[in-house]
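This report refers to the structure that appears directly beneath it.
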Amino acid sequence: MVNDVNAIHESEWIYSTVLSRISNLRQINHSIHHLARVPHIVEFPIFLCGYAFNPVIVPFWMALVYQLTMSPSSSITNDYKTTTTIIPLQQQQPVKYTIFYLSSVLLVLIFTEISKSSFATTRPEKLLVAEGTKHNLSLFLRRYGSLVSSLKSKHSFPSGDCAQAANVCLFLYRYVPVVSFLSSTTTTTQTNDDGGGVEQLRDIFLFGLFLPGVCFARVFYRCHWIEDCFGGIILSSILHWLLIPHLKDVIFHLVEKILF
């Protein structure tokens, strides 16, 4: 039965690429999906990563972007370069960036769902269903499994949560420099001295811990295969390269015209 499930999984061409075989992703997927129950103190941070991009959490990320861009003198980024400008109304900047972030979320969601429908791949739950008659599933239960897997779409590739996680990381990296947050509480000299180091730490956390944590959690909770996580990150990266910079100009123009 297990071999039948693996055969079904690998019959879907996106999971049978040379990269998957060279990297032995089949075995890694199997190992993570079949990890025994871990202590609560270990699983809780995994749960936070796995649930971070459930639709009900979107307002949190919007509030975070709003807070980080709220400053008397706000830093505007363009092509990875930072300049400082004084805006007439302090409220304009966070509103623009919050709406811009929400627009990027919707854009990533649209392309993710189009890709899911196009590839129509199977989620890992089938593996457990097939193995249910051979194994004691209580050994592999996840405490927050039903919560993490709530409000998900039918198909697996690419991972929408990983795409949204990459979107947040790239959005903060490109458009929300730490200097914009520090400038509200420090002097200009202190901001210039401290901003670079804090920004590096933030980027290490985002791309070195948080994004891999989301990917691991989605596989751990059997919502996805590792290939799905790679696909979500690649999709979001392409959108940030081709479309989202242009989306910024459109959104800023519309917000200024309609609200200000």
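Within each chain, counting starts at residue 1; across the structure tokens, chains are named A, B, ... in the order shown, with ligands numbered 1 upward in that order.
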
- Task: Skip Pro245 in chain A itself and residues of its chain fewer than 4 positions away, then list as a list in words all residues within 12 Å of it, counting only C-alpha atoms.
- Result: Thr77, Asn78, Asp79, Tyr80, Phe100, Tyr101, Ser103, Ser104, Leu170, Phe171, Arg174, Tyr175, Ser237, Ile238, Leu239, His240, Trp241, Asp249, Val250, Ile251 and Phe252 of chain A

- Message: I'd like to know which residues of range 7-46 of chain A are alpha helix (DSSP H) (by DSSP, run on the backbone); could you write them as a list in words?
- Response: Ala7, Ile8, His9, Glu10, Ser11, Val18, Leu19, Ser20, Arg21, Ile22, Leu25, Arg26, Gln27, Ile28, Asn29, His30, Ser31, Ile32, His33, His40, Ile41, Val42, Glu43, Phe44, Pro45 and Ile46 of chain A

Next, write the just-selected residues to a file, as a JSON list (two decimals), in the first residue's frame, keeping C-alpha atoms as the atom set.
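This is the output file selection_28.json:
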[["chain", "number", "residue", "atom", "x", "y", "z"],
["A", 7, "ALA", "CA", 3.94, 5.56, -6.98],
["A", 8, "ILE", "CA", 0.92, 7.86, -7.16],
["A", 9, "HIS", "CA", 2.93, 10.71, -5.69],
["A", 10, "GLU", "CA", 5.82, 10.29, -8.09],
["A", 11, "SER", "CA", 3.52, 9.80, -11.06],
["A", 18, "VAL", "CA", 15.76, 15.20, -11.57],
["A", 19, "LEU", "CA", 16.12, 17.63, -8.64],
["A", 20, "SER", "CA", 13.71, 15.58, -6.52],
["A", 21, "ARG", "CA", 15.59, 12.37, -7.24],
["A", 22, "ILE", "CA", 19.08, 13.77, -6.76],
["A", 25, "LEU", "CA", 13.24, 14.35, -1.43],
["A", 26, "ARG", "CA", 11.06, 11.25, -1.35],
["A", 27, "GLN", "CA", 12.90, 9.95, 1.70],
["A", 28, "ILE", "CA", 13.04, 13.38, 3.37],
["A", 29, "ASN", "CA", 9.30, 13.84, 2.85],
["A", 30, "HIS", "CA", 8.63, 10.42, 4.33],
["A", 31, "SER", "CA", 10.86, 11.09, 7.34],
["A", 32, "ILE", "CA", 9.23, 14.42, 8.22],
["A", 33, "HIS", "CA", 5.69, 13.15, 7.66],
["A", 40, "HIS", "CA", 4.57, 20.37, 23.42],
["A", 41, "ILE", "CA", 7.29, 22.95, 24.01],
["A", 42, "VAL", "CA", 8.88, 21.89, 20.71],
["A", 43, "GLU", "CA", 5.68, 21.66, 18.69],
["A", 44, "PHE", "CA", 4.25, 25.02, 19.70],
["A", 45, "PRO", "CA", 6.78, 27.15, 17.76],
["A", 46, "ILE", "CA", 6.35, 24.75, 14.81]]

- Task: Go through A:Val95, A:Ala52, A:Ile258, A:Val38 one by one, measure the shortest atom-to-atom distance of each to Gln164 in chain A using only C-alpha atoms, and give the residue with the smallest value.
- Result: A:Ala52

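Among the candidate residues A:Pro177, A:Gly50, A:Pro158, A:Pro94, the one lying nearest to Asp203 in chain A is A:Pro177, with distances computed using only C-alpha atoms.
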
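Residue nearest Leu141 in chain A, chosen from A:Trp61, A:His155, A:Pro39, A:His253 and counting only C-alpha atoms: A:Pro39.
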
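If only C-alpha atoms are the atoms counted, then among A:Ser150, A:Arg142, A:Arg37, A:Ser115 the closest residue to Asn54 in chain A is A:Ser150.
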
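Remark: for Cys49 in chain A, the closest of the candidate residues A:Phe210, A:Leu242, A:Val255, A:Ile234 is A:Phe210 (distances computed over only C-alpha atoms).
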